[in-house]
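Below is final-v3.txt, holding compact mmCIF, C-alpha atoms.
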```
# COMPACT_ATOMS: atom_id res chain seq x y z
CA GLU A 197 -30.34 -18.01 -41.44
CA GLU A 198 -31.79 -14.56 -41.85
CA GLU A 199 -30.98 -12.11 -39.12
CA ALA A 200 -33.73 -9.86 -37.87
CA PRO A 201 -33.19 -6.24 -38.87
CA LEU A 202 -31.56 -4.20 -36.15
CA ARG A 203 -33.97 -1.91 -34.40
CA PRO A 204 -32.64 1.62 -33.92
CA PRO A 205 -32.25 2.90 -30.37
CA ALA A 206 -35.52 4.33 -29.07
CA ILE A 207 -33.87 7.59 -28.03
CA GLU A 208 -31.41 9.27 -30.37
CA GLN A 209 -30.66 12.31 -28.17
CA LEU A 210 -31.63 13.37 -24.66
CA HIS A 211 -31.54 16.89 -23.18
CA VAL A 212 -32.41 18.10 -19.67
CA ARG A 213 -33.03 21.72 -18.58
CA GLY A 214 -34.35 23.17 -15.34
CA THR A 215 -37.68 24.98 -15.04
CA ASN A 216 -40.16 26.05 -12.36
CA GLU A 217 -40.50 23.34 -9.71
CA GLY A 218 -39.20 20.66 -12.11
CA ILE A 219 -37.05 19.80 -15.09
CA TRP A 220 -37.70 19.57 -18.82
CA VAL A 221 -36.59 16.29 -20.39
CA LEU A 222 -36.48 16.38 -24.20
CA ALA A 223 -36.00 13.15 -26.12
CA LEU A 224 -35.36 12.94 -29.86
CA MET A 225 -36.99 9.63 -30.71
CA PHE A 226 -36.28 7.16 -33.54
CA ASP A 227 -39.57 8.17 -35.22
CA ARG A 228 -38.26 11.76 -35.75
CA THR A 229 -40.35 13.31 -32.98
CA VAL A 230 -39.23 15.31 -29.99
CA ARG A 231 -41.07 14.40 -26.81
CA ALA A 232 -40.92 16.99 -24.06
CA TYR A 233 -41.67 15.91 -20.50
CA VAL A 234 -41.96 18.09 -17.40
CA CYS A 235 -40.80 16.09 -14.40
CA PRO A 236 -41.38 17.25 -10.81
CA LEU A 237 -38.33 17.59 -8.58
CA GLY A 238 -39.80 15.91 -5.52
CA ALA A 239 -38.93 16.63 -1.93
CA PRO A 240 -35.25 17.21 -1.10
CA GLU A 241 -33.49 14.59 0.94
CA ASP A 242 -31.79 15.64 4.16
CA THR A 243 -28.67 13.51 4.31
CA GLY A 244 -27.07 15.59 7.05
CA ALA A 245 -28.62 13.62 9.93
CA ALA A 246 -27.44 10.24 8.65
CA ASP A 247 -23.75 11.12 8.36
CA GLY A 248 -23.24 12.91 11.64
CA GLY A 249 -24.34 16.36 10.54
CA ALA A 250 -22.33 16.96 7.38
CA GLY A 251 -25.25 19.17 6.34
CA THR A 252 -26.16 18.33 2.78
CA VAL A 253 -29.65 18.77 1.43
CA GLY A 254 -30.38 17.26 -1.96
CA GLY A 255 -26.69 17.12 -2.80
CA ALA A 256 -25.97 20.82 -2.10
CA PHE A 257 -23.52 21.76 0.63
CA ALA A 258 -25.09 23.61 3.52
CA GLY A 259 -21.99 25.41 4.78
CA ALA A 260 -19.37 27.31 2.83
CA GLY A 261 -16.54 25.43 4.54
CA ASP A 262 -17.99 21.94 4.04
CA ALA A 263 -16.18 19.75 1.54
CA PRO A 264 -17.36 16.48 0.06
CA ALA A 265 -15.97 13.38 1.72
CA PRO A 266 -13.47 11.53 -0.48
CA ILE A 267 -14.55 8.21 -1.94
CA LEU A 268 -12.14 5.49 -0.87
CA GLU A 269 -11.28 2.55 -3.13
CA ASP A 270 -13.02 0.04 -0.84
CA GLU A 271 -16.23 2.10 -1.00
CA GLU A 272 -16.04 2.18 -4.82
CA GLU A 273 -15.79 -1.61 -4.96
CA GLU A 274 -18.77 -1.97 -2.60
CA ALA A 275 -20.75 0.47 -4.74
CA GLU A 276 -20.00 -1.61 -7.86
CA GLU A 277 -21.15 -4.79 -6.08
CA ASP A 278 -24.38 -3.07 -5.00
CA ALA A 279 -25.08 -1.64 -8.46
CA GLY A 280 -28.03 -3.97 -9.02
CA GLN A 281 -29.76 -2.71 -5.88
CA GLY A 282 -30.31 0.84 -7.20
CA GLU A 283 -33.96 0.25 -8.09
CA GLU A 284 -34.86 0.95 -4.45
CA ASP A 285 -33.67 4.53 -4.85
CA PHE A 286 -36.45 5.31 -7.34
CA ALA A 287 -39.22 3.18 -5.84
CA GLY A 288 -41.15 6.19 -4.51
CA ALA A 289 -40.37 8.58 -7.38
CA ALA A 290 -43.15 9.95 -9.57
CA GLN A 291 -43.16 8.47 -13.07
CA VAL A 292 -44.07 10.76 -15.96
CA LYS A 293 -45.17 8.61 -18.90
CA THR A 294 -47.12 11.15 -20.98
CA PRO A 295 -45.14 13.91 -22.72
CA THR A 296 -46.25 17.51 -22.29
CA PHE A 297 -45.47 18.20 -25.97
CA VAL A 298 -44.83 15.98 -28.99
CA ILE A 299 -43.13 17.80 -31.85
CA PRO A 300 -42.76 16.09 -35.24
CA LEU A 301 -39.53 17.04 -37.01
CA GLN A 302 -40.79 17.33 -40.55
CA GLY A 303 -39.83 20.02 -43.02
CA LEU A 304 -36.05 19.89 -42.63
CA ALA A 305 -35.51 19.06 -46.32
CA PRO A 306 -33.36 21.76 -47.98
CA MET A 307 -35.89 22.16 -50.82
CA PRO A 308 -39.31 20.72 -51.68
CA GLY A 309 -38.92 17.30 -53.29
CA LEU A 310 -35.56 16.56 -51.64
CA PRO A 311 -35.32 13.90 -48.92
CA GLU A 312 -35.30 14.74 -45.25
CA PRO A 313 -31.88 14.60 -43.52
CA SER A 314 -31.12 11.30 -41.83
CA LEU A 315 -31.85 10.91 -38.14
CA ALA A 316 -28.13 10.54 -37.39
CA THR A 317 -27.44 14.06 -38.67
CA LEU A 318 -30.21 15.81 -36.74
CA ARG A 319 -29.04 18.12 -33.96
CA LEU A 320 -31.34 19.11 -31.15
CA THR A 321 -30.51 22.04 -28.87
CA ALA A 322 -32.53 23.21 -25.89
CA PHE A 323 -31.99 26.28 -23.74
CA ALA A 324 -33.83 28.78 -21.60
CA ALA A 325 -32.58 32.35 -21.79
CA ARG A 326 -32.48 33.92 -18.34
CA ALA A 327 -31.29 37.43 -17.66
CA GLU A 328 -29.28 37.87 -14.46
CA THR A 329 -31.32 40.94 -13.57
CA ARG A 330 -34.89 40.99 -14.74
CA SER A 331 -36.66 44.21 -15.56
CA ILE A 332 -40.04 42.58 -14.95
CA GLY A 333 -41.46 42.20 -11.47
CA PHE A 334 -40.23 39.74 -8.92
CA GLY A 335 -42.20 36.63 -8.09
CA THR A 336 -43.50 33.67 -10.05
CA ALA A 337 -43.99 35.60 -13.31
CA ALA A 338 -40.32 36.63 -13.30
CA LYS A 339 -39.20 32.99 -13.22
CA GLN A 340 -41.40 31.69 -16.04
CA VAL A 341 -39.33 31.77 -19.21
CA PRO A 342 -40.01 29.51 -22.18
CA LEU A 343 -37.74 26.65 -23.15
CA LEU A 344 -36.38 27.15 -26.65
CA CYS A 345 -35.88 24.01 -28.71
CA VAL A 346 -34.00 24.20 -32.02
CA ALA A 347 -33.61 21.36 -34.53
CA SER A 348 -31.17 21.48 -37.44
CA SER A 349 -28.94 19.32 -39.61
CA PRO A 350 -25.65 19.99 -41.40
CA ASP A 351 -27.31 18.41 -44.46
CA SER A 352 -29.96 21.13 -44.63
CA ASN A 353 -30.27 24.90 -44.66
CA VAL A 354 -33.49 24.74 -42.59
CA VAL A 355 -33.64 25.40 -38.85
CA LEU A 356 -36.81 24.57 -36.91
CA GLY A 357 -37.43 26.51 -33.70
CA TYR A 358 -40.03 25.88 -31.02
CA SER A 359 -40.89 27.81 -27.88
CA LEU A 360 -42.28 25.64 -25.09
CA PRO A 361 -44.06 27.71 -22.44
CA ALA A 362 -42.84 27.37 -18.88
CA PRO A 363 -45.16 25.31 -16.75
CA GLY A 364 -47.11 27.19 -14.12
CA PRO A 365 -46.90 26.28 -10.47
CA LEU A 366 -48.26 22.82 -9.75
CA VAL A 367 -51.72 23.35 -8.31
CA ALA A 368 -54.28 20.59 -8.26
CA ALA A 369 -57.88 21.38 -9.14
CA ALA A 370 -60.47 20.62 -6.48
CA GLY A 371 -60.64 16.87 -5.94
CA LEU A 372 -57.54 16.00 -8.02
CA ASP A 373 -54.30 14.73 -6.56
CA MET A 374 -50.89 14.60 -8.28
CA GLU A 375 -51.49 11.13 -9.73
CA ALA A 376 -54.78 12.29 -11.33
CA LEU A 377 -53.02 15.35 -12.80
CA LEU A 378 -50.30 13.20 -14.36
CA LYS A 379 -52.94 11.07 -16.08
CA LEU A 380 -54.54 14.06 -17.85
CA PRO A 381 -53.84 14.26 -21.62
CA PRO A 382 -51.09 16.65 -22.71
CA THR A 383 -51.90 20.15 -23.91
CA PRO A 384 -51.81 20.29 -27.74
CA VAL A 385 -48.96 22.30 -29.27
CA GLY A 386 -50.05 25.88 -29.82
CA ASP A 387 -52.67 26.05 -27.06
```
Before we go any further, please render this structure as structure tokens.
Amino acid sequence: EEEAPLRPPAIEQLHVRGTNEGIWVLALMFDRTVRAYVCPLGAPEDTGAADGGAGTVGGAFAGAGDAPAPILEDEEEEAEEDAGQGEEDFAGAAQVKTPTFVIPLQGLAPMPGLPEPSLATLRLTAFAARAETRSIGFGTAAKQVPLLCVASSPDSNVVLGYSLPAPGPLVAAAGLDMEALLKLPPTPVGD
């Protein structure tokens, strides 16, 4: 019997970084592309009312003296039993299926004519440089910094760098709602 060839995992690496009103999700795919998605944060959940006023909003503690409640062993076992019921948590969440940017990782060969480094040796790094005190004005413009994405390999002397512009505030054009905006095609790299 011939075994079917093993298919590589769809996502080789995954990185997440915060941005204006959302998060960047960068995925290094098996086809040697980086797909960058901007995902909206959504509305914060107020869990303070449900637990007698502990005062957490979206997982952050409201008061300086508040401490997280300890997780007891019985609660851990119940959580493990209910693990299959987690789909309900994301039922109302927005799904982003179209990447904002698709970056092909070609040109990492050390010299022309040499092979590209293998996918297993590629290293993807993503960061957004933010100064603690900004010399530019306060407001939306002061928060918009690009996401820097760097791809390299120990098998090559080439480093690829990309600057992904920060998304502007989410504003729908006249007559478009959020679902219609998410269905628009992504902006080409360089525009």
Quick one: of A:Leu377, A:Cys345, A:Ala206, A:Ala322, who's nearest to Ala290 (chain A), counting only C-alpha atoms?
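Of the candidates, the smallest distance to Ala290 (chain A) is held by A:Leu377.
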Using only C-alpha atoms, pick whichever of A:Val230, A:Ala200, A:Leu378, A:Ala223 has the shortest atom-to-atom distance to Val298 (chain A).
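Nearest to Val298 (chain A): A:Val230.
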As an exercise, work out the distance from CA of Leu202 (chain A) to CA of Thr317 (chain A) in Å and give it to one decimal place.
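It comes out at 18.9 Å.
The gap separating CA of Pro311 (chain A) from CA of Glu199 (chain A) is 28.1 Å, in Å to one decimal.
Nearest residue to Ser359 (chain A) among A:Leu304, A:Ala376, A:Ile299, A:Ala287 is A:Ile299, counting only C-alpha atoms.
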A:Pro381, A:Arg319, A:Val341, A:Ala325 ranked by distance to Leu356 (chain A), top pick (using all atoms listed in the file):
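Of A:Pro381, A:Arg319, A:Val341, A:Ala325, the one nearest Leu356 (chain A), counting all atoms listed in the file, is A:Arg319.
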Using all atoms listed in the file, which residues sit within 9 Å of His211 (chain A) once same-chain residues fewer than 2 positions away are excluded, as an MDAnalysis selection string?
chainID A and resid 209 213 220:224 320:322
Could you take the residues named above and write them with C-alpha atoms, as a short mmCIF file (atom, residue, chain, number, x, y, z; two decimals), in the frame of the given file?
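And here's out09.cif as it stands now:
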```cif
data_model
loop_
_atom_site.label_atom_id
_atom_site.label_comp_id
_atom_site.auth_asym_id
_atom_site.auth_seq_id
_atom_site.Cartn_x
_atom_site.Cartn_y
_atom_site.Cartn_z
CA GLN A 209 -30.66 12.31 -28.17
CA ARG A 213 -33.03 21.72 -18.58
CA TRP A 220 -37.70 19.57 -18.82
CA VAL A 221 -36.59 16.29 -20.39
CA LEU A 222 -36.48 16.38 -24.20
CA ALA A 223 -36.00 13.15 -26.12
CA LEU A 224 -35.36 12.94 -29.86
CA LEU A 320 -31.34 19.11 -31.15
CA THR A 321 -30.51 22.04 -28.87
CA ALA A 322 -32.53 23.21 -25.89
#
```
Please work out which residues fall within 9 Å of (-30.1, 26.6, -14.3), coordinates as given in the file, with all atoms listed in the file counting, and return them as a PyMOL selection string.
chain A and resi 213-215+324+326
Grab the CA of Glu375 (chain A) to CA of Leu343 (chain A) distance for me, in Å with one decimal place.
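Spanning CA of Glu375 (chain A) to CA of Leu343 (chain A) is a straight-line distance of 24.7 Å.
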Let me know the centre plus edge lengths, in Å and rounded to one decimal, of a box with edges along x, y and z that contains all listed atoms of region 346-362 of chain A and is padded by 3 Å on every side, as lines of an AutoDock Vina configuration file.
```
center_x = -34.9
center_y = 23.1
center_z = -31.8
size_x = 24.4
size_y = 15.4
size_z = 31.8
```
Selection near Gly357 (chain A), 8 Å with all atoms listed in the file, sequence-local residues under 5 positions removed, as a compact mmCIF listing (two decimals) with C-alpha atoms, in the coordinates of the input:
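Generated output (out-v9.txt):
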```txt
# COMPACT_ATOMS: atom_id res chain seq x y z
CA LEU A 344 -36.38 27.15 -26.65
CA CYS A 345 -35.88 24.01 -28.71
CA VAL A 346 -34.00 24.20 -32.02
CA ALA A 347 -33.61 21.36 -34.53
```
